[in-house]
$ cat query37.cif   # mmCIF, C-alpha atoms
data_run
loop_
_atom_site.group_PDB
_atom_site.id
_atom_site.type_symbol
_atom_site.label_atom_id
_atom_site.label_comp_id
_atom_site.auth_asym_id
_atom_site.auth_seq_id
_atom_site.Cartn_x
_atom_site.Cartn_y
_atom_site.Cartn_z
ATOM 1 C CA MET A 1 -8.402 -14.228 -3.120
ATOM 2 C CA ASP A 2 -7.737 -17.940 -3.336
ATOM 3 C CA TYR A 3 -6.531 -19.335 -0.002
ATOM 4 C CA GLY A 4 -3.598 -21.203 -1.564
ATOM 5 C CA LYS A 5 -2.413 -18.074 -3.364
ATOM 6 C CA PHE A 6 -2.783 -16.054 -0.172
ATOM 7 C CA ILE A 7 -0.478 -18.442 1.687
ATOM 8 C CA LYS A 8 2.120 -18.337 -1.096
ATOM 9 C CA ILE A 9 2.120 -14.537 -1.133
ATOM 10 C CA ARG A 10 2.424 -14.478 2.649
ATOM 11 C CA GLU A 11 5.439 -16.782 2.526
ATOM 12 C CA MET A 12 7.164 -14.588 -0.056
ATOM 13 C CA TYR A 13 6.175 -11.064 0.969
ATOM 14 C CA GLY A 14 4.281 -11.173 4.247
ATOM 15 C CA ASP A 15 7.191 -9.614 6.119
ATOM 16 C CA CYS A 16 7.308 -6.504 3.929
ATOM 17 C CA ALA A 17 3.887 -6.050 2.284
ATOM 18 C CA SER A 18 0.247 -6.141 3.333
ATOM 19 C CA TRP A 19 -3.303 -5.496 2.155
ATOM 20 C CA ALA A 20 -5.298 -2.277 2.143
ATOM 21 C CA THR A 21 -7.830 -3.495 4.653
ATOM 22 C CA TRP A 22 -7.966 -2.999 8.375
ATOM 23 C CA GLN A 23 -10.159 -3.741 11.334
ATOM 24 C CA THR A 24 -12.691 -0.912 11.218
ATOM 25 C CA SER A 25 -13.760 0.986 14.291
ATOM 26 C CA ASP A 26 -16.212 3.693 15.303
ATOM 27 C CA GLN A 27 -14.021 4.542 18.271
ATOM 28 C CA ALA A 28 -10.769 6.532 18.242
ATOM 29 C CA PRO A 29 -9.207 7.111 14.771
ATOM 30 C CA LYS A 30 -6.311 4.732 15.485
ATOM 31 C CA ALA A 31 -8.354 2.019 17.193
ATOM 32 C CA GLY A 32 -7.706 -1.461 15.801
ATOM 33 C CA ILE A 33 -5.210 -0.245 13.202
ATOM 34 C CA ALA A 34 -2.669 -2.928 14.144
ATOM 35 C CA ASP A 35 -5.158 -5.790 14.505
ATOM 36 C CA LEU A 36 -3.813 -8.448 12.120
ATOM 37 C CA SER A 37 -6.274 -11.155 13.156
ATOM 38 C CA ILE A 38 -8.277 -10.270 10.049
ATOM 39 C CA PHE A 39 -5.578 -12.068 8.013
ATOM 40 C CA ASP A 40 -5.543 -15.191 10.193
ATOM 41 C CA PRO A 41 -6.974 -18.161 8.247
ATOM 42 C CA THR A 42 -8.159 -19.727 11.512
ATOM 43 C CA ASN A 43 -10.247 -16.643 12.323
ATOM 44 C CA ARG A 44 -13.734 -17.257 10.955
ATOM 45 C CA ASN A 45 -14.076 -13.503 10.409
ATOM 46 C CA ASN A 46 -10.922 -13.249 8.286
ATOM 47 C CA VAL A 47 -10.960 -11.109 5.136
ATOM 48 C CA ILE A 48 -8.969 -13.398 2.834
ATOM 49 C CA SER A 49 -11.830 -13.942 0.377
ATOM 50 C CA THR A 50 -12.191 -10.172 -0.136
ATOM 51 C CA LEU A 51 -8.546 -9.480 -1.005
ATOM 52 C CA LYS A 52 -7.684 -8.569 -4.605
ATOM 53 C CA THR A 53 -4.709 -7.985 -6.836
ATOM 54 C CA ASP A 54 -6.140 -6.235 -9.898
ATOM 55 C CA VAL A 55 -5.260 -2.951 -8.206
ATOM 56 C CA ILE A 56 -2.197 -2.412 -6.019
ATOM 57 C CA LEU A 57 -1.100 0.454 -3.825
ATOM 58 C CA VAL A 58 2.623 1.251 -3.677
ATOM 59 C CA GLY A 59 4.579 3.285 -1.155
ATOM 60 C CA LEU A 60 8.240 4.239 -1.313
ATOM 61 C CA ASN A 61 9.825 2.396 1.613
ATOM 62 C CA ILE A 62 9.227 1.376 5.185
ATOM 63 C CA SER A 63 9.657 4.351 7.497
ATOM 64 C CA ARG A 64 10.147 2.396 10.712
ATOM 65 C CA ALA A 65 11.135 -1.245 11.102
ATOM 66 C CA ASP A 66 8.431 -2.147 13.619
ATOM 67 C CA ILE A 67 6.760 -4.933 11.668
ATOM 68 C CA GLY A 68 6.273 -7.717 14.177
ATOM 69 C CA GLU A 69 4.454 -10.323 12.110
ATOM 70 C CA SER A 70 3.164 -11.092 8.633
ATOM 71 C CA TRP A 71 1.196 -8.281 6.981
ATOM 72 C CA GLY A 72 2.281 -5.774 9.658
ATOM 73 C CA ASN A 73 3.443 -3.165 7.163
ATOM 74 C CA PHE A 74 1.006 -0.231 6.894
ATOM 75 C CA HIS A 75 -0.685 -1.542 10.067
ATOM 76 C CA SER A 76 1.560 0.052 12.670
ATOM 77 C CA ALA A 77 0.618 0.619 16.295
ATOM 78 C CA ASN A 78 3.422 3.172 16.619
ATOM 79 C CA PRO A 79 1.976 6.334 18.241
ATOM 80 C CA ARG A 80 3.675 8.420 15.542
ATOM 81 C CA GLY A 81 2.216 6.294 12.759
ATOM 82 C CA THR A 82 -0.371 7.701 10.350
ATOM 83 C CA ASP A 83 -1.619 4.457 8.808
ATOM 84 C CA TYR A 84 -5.064 5.241 10.209
ATOM 85 C CA LYS A 85 -5.350 8.081 7.682
ATOM 86 C CA LEU A 86 -4.946 5.633 4.822
ATOM 87 C CA ARG A 87 -7.570 3.345 6.351
ATOM 88 C CA HIS A 88 -10.032 6.209 6.614
ATOM 89 C CA ALA A 89 -9.360 7.398 3.062
ATOM 90 C CA LEU A 90 -9.757 4.007 1.391
ATOM 91 C CA LEU A 91 -12.779 2.681 3.252
ATOM 92 C CA GLY A 92 -15.635 2.349 0.769
ATOM 93 C CA THR A 93 -13.417 2.620 -2.336
ATOM 94 C CA PRO A 94 -12.279 -0.050 -4.836
ATOM 95 C CA LEU A 95 -8.814 0.096 -3.293
ATOM 96 C CA TRP A 96 -10.092 -1.421 -0.065
ATOM 97 C CA GLY A 97 -8.663 -4.946 0.050
ATOM 98 C CA CYS A 98 -6.011 -4.409 -2.630
ATOM 99 C CA TYR A 99 -2.376 -5.486 -2.363
ATOM 100 C CA LEU A 100 -0.224 -2.945 -0.540
ATOM 101 C CA THR A 101 3.557 -2.823 -0.778
ATOM 102 C CA ASP A 102 6.658 -0.631 -1.019
ATOM 103 C CA ILE A 103 8.836 -0.344 -4.080
ATOM 104 C CA LEU A 104 11.992 -0.342 -1.912
ATOM 105 C CA LYS A 105 12.263 -3.315 0.437
ATOM 106 C CA ASP A 106 14.303 -3.543 3.651
ATOM 107 C CA TYR A 107 15.093 0.162 3.420
ATOM 108 C CA GLU A 108 14.194 1.949 6.626
ATOM 109 C CA GLU A 109 14.103 5.742 6.374
ATOM 110 C CA VAL A 110 11.522 8.273 7.543
ATOM 111 C CA LYS A 111 12.491 11.078 5.143
ATOM 112 C CA SER A 112 11.722 10.421 1.469
ATOM 113 C CA SER A 113 14.213 13.151 0.502
ATOM 114 C CA SER A 114 17.010 11.062 2.050
ATOM 115 C CA VAL A 115 15.860 8.034 0.080
ATOM 116 C CA GLU A 116 15.854 10.011 -3.169
ATOM 117 C CA LYS A 117 19.351 11.308 -2.417
ATOM 118 C CA ASP A 118 20.629 7.757 -1.919
ATOM 119 C CA LEU A 119 19.046 6.647 -5.179
ATOM 120 C CA ARG A 120 20.633 9.500 -7.102
ATOM 121 C CA SER A 121 24.062 8.658 -5.725
ATOM 122 C CA ASN A 122 23.648 4.944 -6.420
ATOM 123 C CA PRO A 123 21.638 4.270 -9.621
ATOM 124 C CA ASN A 124 22.183 0.532 -9.269
ATOM 125 C CA LEU A 125 20.115 0.618 -6.088
ATOM 126 C CA GLU A 126 17.024 1.699 -7.996
ATOM 127 C CA LYS A 127 17.683 -0.885 -10.703
ATOM 128 C CA LEU A 128 17.875 -3.656 -8.111
ATOM 129 C CA HIS A 129 14.709 -2.651 -6.295
ATOM 130 C CA THR A 130 12.646 -2.057 -9.424
ATOM 131 C CA LYS A 131 13.723 -5.405 -10.825
ATOM 132 C CA ASN A 132 12.627 -7.105 -7.617
ATOM 133 C CA PHE A 133 9.395 -5.117 -7.635
ATOM 134 C CA LYS A 134 8.530 -6.395 -11.109
ATOM 135 C CA VAL A 135 9.142 -9.959 -9.907
ATOM 136 C CA GLU A 136 6.856 -9.308 -6.952
ATOM 137 C CA VAL A 137 4.029 -7.893 -9.065
ATOM 138 C CA ASP A 138 4.265 -10.770 -11.536
ATOM 139 C CA PHE A 139 4.092 -13.251 -8.647
ATOM 140 C CA VAL A 140 1.204 -11.585 -6.835
ATOM 141 C CA CYS A 141 -0.971 -10.502 -9.765
ATOM 142 C CA ASP A 142 -2.538 -12.708 -12.413
ATOM 143 C CA ALA A 143 -2.609 -9.797 -14.889
ATOM 144 C CA ALA A 144 -1.113 -6.311 -15.112
ATOM 145 C CA PRO A 145 -2.681 -4.351 -12.245
ATOM 146 C CA VAL A 146 -3.643 -0.710 -12.038
ATOM 147 C CA ILE A 147 -1.122 0.921 -9.712
ATOM 148 C CA PHE A 148 -1.735 3.787 -7.301
ATOM 149 C CA SER A 149 1.434 5.365 -5.936
ATOM 150 C CA LEU A 150 1.602 6.943 -2.499
ATOM 151 C CA GLY A 151 3.439 10.250 -2.757
ATOM 152 C CA ASN A 152 5.720 11.982 -5.241
ATOM 153 C CA ALA A 153 8.851 9.925 -4.670
ATOM 154 C CA ALA A 154 7.187 6.552 -5.214
ATOM 155 C CA ASP A 155 5.281 7.928 -8.194
ATOM 156 C CA THR A 156 8.460 9.230 -9.851
ATOM 157 C CA ILE A 157 10.223 5.868 -9.557
ATOM 158 C CA LEU A 158 7.206 3.928 -10.792
ATOM 159 C CA ARG A 159 6.668 6.146 -13.829
ATOM 160 C CA ARG A 160 10.367 6.201 -14.652
ATOM 161 C CA ASN A 161 10.538 2.413 -14.711
ATOM 162 C CA PHE A 162 7.047 1.079 -15.381
ATOM 163 C CA SER A 163 5.014 3.568 -17.407
ATOM 164 C CA ASN A 164 5.062 1.108 -20.317
ATOM 165 C CA TYR A 165 3.852 -1.759 -18.133
ATOM 166 C CA TYR A 166 1.104 -0.384 -15.900
ATOM 167 C CA ARG A 167 -1.495 2.343 -15.570
ATOM 168 C CA ILE A 168 -0.169 4.514 -12.766
ATOM 169 C CA HIS A 169 -2.098 7.071 -10.720
ATOM 170 C CA LYS A 170 -0.817 9.123 -7.813
ATOM 171 C CA LEU A 171 -2.343 9.660 -4.392
ATOM 172 C CA ARG A 172 -0.949 12.168 -1.945
ATOM 173 C CA HIS A 173 1.010 10.402 0.804
ATOM 174 C CA TYR A 174 -1.092 9.948 3.905
ATOM 175 C CA ALA A 175 1.699 11.180 6.210
ATOM 176 C CA GLN A 176 1.372 14.725 4.869
ATOM 177 C CA THR A 177 -0.340 17.129 7.252
ATOM 178 C CA SER A 178 -1.664 19.764 4.866
ATOM 179 C CA LEU A 179 -5.109 18.158 4.686
ATOM 180 C CA SER A 180 -7.500 17.132 7.427
ATOM 181 C CA LEU A 181 -8.598 13.513 7.716
ATOM 182 C CA GLU A 182 -11.827 14.211 5.817
ATOM 183 C CA GLN A 183 -10.144 16.395 3.196
ATOM 184 C CA TYR A 184 -7.642 13.657 2.464
ATOM 185 C CA LYS A 185 -10.434 11.105 2.071
ATOM 186 C CA ILE A 186 -12.343 13.354 -0.332
ATOM 187 C CA GLU A 187 -9.208 13.988 -2.409
ATOM 188 C CA CYS A 188 -8.411 10.266 -2.623
ATOM 189 C CA GLU A 189 -11.985 9.392 -3.552
ATOM 190 C CA GLU A 190 -11.949 11.925 -6.384
ATOM 191 C CA ILE A 191 -8.686 10.574 -7.816
ATOM 192 C CA ILE A 192 -9.795 6.960 -7.496
ATOM 193 C CA SER A 193 -13.184 7.799 -8.978
ATOM 194 C CA ASP A 194 -11.591 9.441 -12.003
ATOM 195 C CA ALA A 195 -9.150 6.549 -12.477
ATOM 196 C CA LEU A 196 -11.557 3.667 -11.964
ATOM 197 C CA LYS A 197 -14.941 5.298 -12.548
ATOM 198 C CA PHE A 198 -16.733 4.473 -9.310
ATOM 199 C CA LYS A 199 -19.132 6.263 -7.016
ATOM 200 C CA PRO A 200 -18.066 6.559 -3.353
ATOM 201 C CA GLU A 201 -20.408 4.986 -0.826
ATOM 202 C CA LYS A 202 -22.789 7.420 0.811
ATOM 203 C CA LYS A 203 -21.674 8.573 4.226
#
$ encode --input "query37.cif" --output "structure tokens"
Amino acid sequence: MDYGKFIKIREMYGDCASWATWQTSDQAPKAGIADLSIFDPTNRNNVISTLKTDVILVGLNISRADIGESWGNFHSANPRGTDYKLRHALLGTPLWGCYLTDILKDYEEVKSSSVEKDLRSNPNLEKLHTKNFKVEVDFVCDAAPVIFSLGNAADTILRRNFSNYYRIHKLRHYAQTSLSLEQYKIECEEIISDALKFKPEKK
């Protein structure tokens, strides 16, 4: 990632988007999840040069408005947060370091079913957000990226509006509890491997 481009993206979307990279830790599963110093240009150990936009990861909406600073989305210290599961699943895959955003901005709601209900009752809401999403992708990415959706709701909206623009693949949302941490990682690796043809790093 070019430093100048990074700053421009931060100015435009730093308050609502982020990058699929986190401070890694061998300690507790949630340790360091909210450490945003990795995006600080003055930190000599920053990760800016490793960020990429050829692949992007897209969620539905922000579940809790606890973003305190730039790139805080998907890096929540909230005890109820499950962002650590996404970190664990993506570590060692080509999605590590990719752009990470929501298709609906400034829309706080924990239940995706409530979001879908609102969209059905107000079709113009989806039109507005998808239009803005296309502007965002065009600004962030130099070419059409491969998109991975997080969960059914985000995937449905993306395919309904952008199947002619992007390659879209679906990952199970990391907040679901039906899989263990390791099972979720294995499932994600298999989907990513099939989509991008890569071999996961050896454990």
$ closest_residue --input "query37.cif" --among "A:Tyr166, A:Phe74, A:Phe139, A:Trp22" --to "Asp35 (chain A)" --atoms "only C-alpha atoms"
A:Trp22
$ atom_distance --input "query37.cif" --atom1 "CA of Leu181 (chain A)" --atom2 "CA of Leu158 (chain A)"
26.2 Å
$ residues_around --input "query37.cif" --residues "Phe162 (chain A)" --least-positions-apart "2" --cutoff "12 Å" --atoms "only C-alpha atoms" --output "PDB file with C-alpha atoms, keeping the file's coordinate frame"
ATOM      1  CA  ILE A 103       8.836  -0.344  -4.080  1.00  0.00           C
ATOM      2  CA  LYS A 127      17.683  -0.885 -10.703  1.00  0.00           C
ATOM      3  CA  THR A 130      12.646  -2.057  -9.424  1.00  0.00           C
ATOM      4  CA  LYS A 131      13.723  -5.405 -10.825  1.00  0.00           C
ATOM      5  CA  PHE A 133       9.395  -5.117  -7.635  1.00  0.00           C
ATOM      6  CA  LYS A 134       8.530  -6.395 -11.109  1.00  0.00           C
ATOM      7  CA  VAL A 137       4.029  -7.893  -9.065  1.00  0.00           C
ATOM      8  CA  ALA A 144      -1.113  -6.311 -15.112  1.00  0.00           C
ATOM      9  CA  PRO A 145      -2.681  -4.351 -12.245  1.00  0.00           C
ATOM     10  CA  VAL A 146      -3.643  -0.710 -12.038  1.00  0.00           C
ATOM     11  CA  ILE A 147      -1.122   0.921  -9.712  1.00  0.00           C
ATOM     12  CA  SER A 149       1.434   5.365  -5.936  1.00  0.00           C
ATOM     13  CA  ALA A 154       7.187   6.552  -5.214  1.00  0.00           C
ATOM     14  CA  ASP A 155       5.281   7.928  -8.194  1.00  0.00           C
ATOM     15  CA  THR A 156       8.460   9.230  -9.851  1.00  0.00           C
ATOM     16  CA  ILE A 157      10.223   5.868  -9.557  1.00  0.00           C
ATOM     17  CA  LEU A 158       7.206   3.928 -10.792  1.00  0.00           C
ATOM     18  CA  ARG A 159       6.668   6.146 -13.829  1.00  0.00           C
ATOM     19  CA  ARG A 160      10.367   6.201 -14.652  1.00  0.00           C
ATOM     20  CA  ASN A 164       5.062   1.108 -20.317  1.00  0.00           C
ATOM     21  CA  TYR A 165       3.852  -1.759 -18.133  1.00  0.00           C
ATOM     22  CA  TYR A 166       1.104  -0.384 -15.900  1.00  0.00           C
ATOM     23  CA  ARG A 167      -1.495   2.343 -15.570  1.00  0.00           C
ATOM     24  CA  ILE A 168      -0.169   4.514 -12.766  1.00  0.00           C
ATOM     25  CA  HIS A 169      -2.098   7.071 -10.720  1.00  0.00           C
TER      26      HIS A 169
END
$ resolve_selection --input "query37.cif" --expression "the PyMOL selection byres ((chain A and resi 69) around 12)" --output "ChimeraX atom specification"
/A:10-11,13-18,34-37,39-40,65-68,70-76
$ residues_around --input "query37.cif" --residues "region 110-125 of chain A" --least-positions-apart "2" --cutoff "9 Å" --atoms "all atoms listed in the file" --output "number ranges by chain"
A: 60-64, 107-108, 127-130, 153-154
$ resolve_selection --input "query37.cif" --expression "the PyMOL selection byres ((chain A and resi 174) around 7)" --output "PyMOL selection string"
chain A and resi 82+85-86+172-173+175-176
$ write_last_selection --input "query37.cif" --atoms "C-alpha atoms" --output "compact mmCIF listing (two decimals), in the coordinates of the input"
# COMPACT_ATOMS: atom_id res chain seq x y z
CA THR A 82 -0.37 7.70 10.35
CA LYS A 85 -5.35 8.08 7.68
CA LEU A 86 -4.95 5.63 4.82
CA ARG A 172 -0.95 12.17 -1.94
CA HIS A 173 1.01 10.40 0.80
CA ALA A 175 1.70 11.18 6.21
CA GLN A 176 1.37 14.72 4.87
$ closest_residue --input "query37.cif" --among "A:Ile56, A:Ala89, A:Ala77, A:Ile191" --to "Phe148 (chain A)" --atoms "all atoms listed in the file"
A:Ile56
$ residues_around --input "query37.cif" --residues "Trp19 (chain A)" --least-positions-apart "6" --cutoff "8 Å" --atoms "all atoms listed in the file" --output "short mmCIF file (atom, residue, chain, number, x, y, z; two decimals) with C-alpha atoms, keeping the file's coordinate frame"
data_model
loop_
_atom_site.label_atom_id
_atom_site.label_comp_id
_atom_site.auth_asym_id
_atom_site.auth_seq_id
_atom_site.Cartn_x
_atom_site.Cartn_y
_atom_site.Cartn_z
CA LEU A 51 -8.55 -9.48 -1.00
CA TRP A 71 1.20 -8.28 6.98
CA GLY A 97 -8.66 -4.95 0.05
CA CYS A 98 -6.01 -4.41 -2.63
CA TYR A 99 -2.38 -5.49 -2.36
CA LEU A 100 -0.22 -2.94 -0.54
CA THR A 101 3.56 -2.82 -0.78
#
$ closest_residue --input "query37.cif" --among "A:Ser178, A:Tyr184, A:Ala195, A:Asp106" --to "Pro94 (chain A)" --atoms "only C-alpha atoms"
A:Ala195
$ closest_residue --input "query37.cif" --among "A:Asn152, A:Ser163, A:Thr93, A:Thr177" --to "Ile192 (chain A)" --atoms "all atoms listed in the file"
A:Thr93
$ atom_distance --input "query37.cif" --atom1 "CA of Pro29 (chain A)" --atom2 "CA of Asp83 (chain A)"
10.0 Å
$ atom_distance --input "query37.cif" --atom1 "CA of Ile38 (chain A)" --atom2 "CA of Glu109 (chain A)"
27.8 Å
$ closest_residue --input "query37.cif" --among "A:Ser49, A:Asn132, A:Asn78, A:Ser193" --to "Ala31 (chain A)" --atoms "all atoms listed in the file"
A:Asn78
$ residues_around --input "query37.cif" --residues "Ala143 (chain A)" --least-positions-apart "6" --cutoff "10 Å" --atoms "all atoms listed in the file" --output "number ranges by chain"
A: 53-55, 137
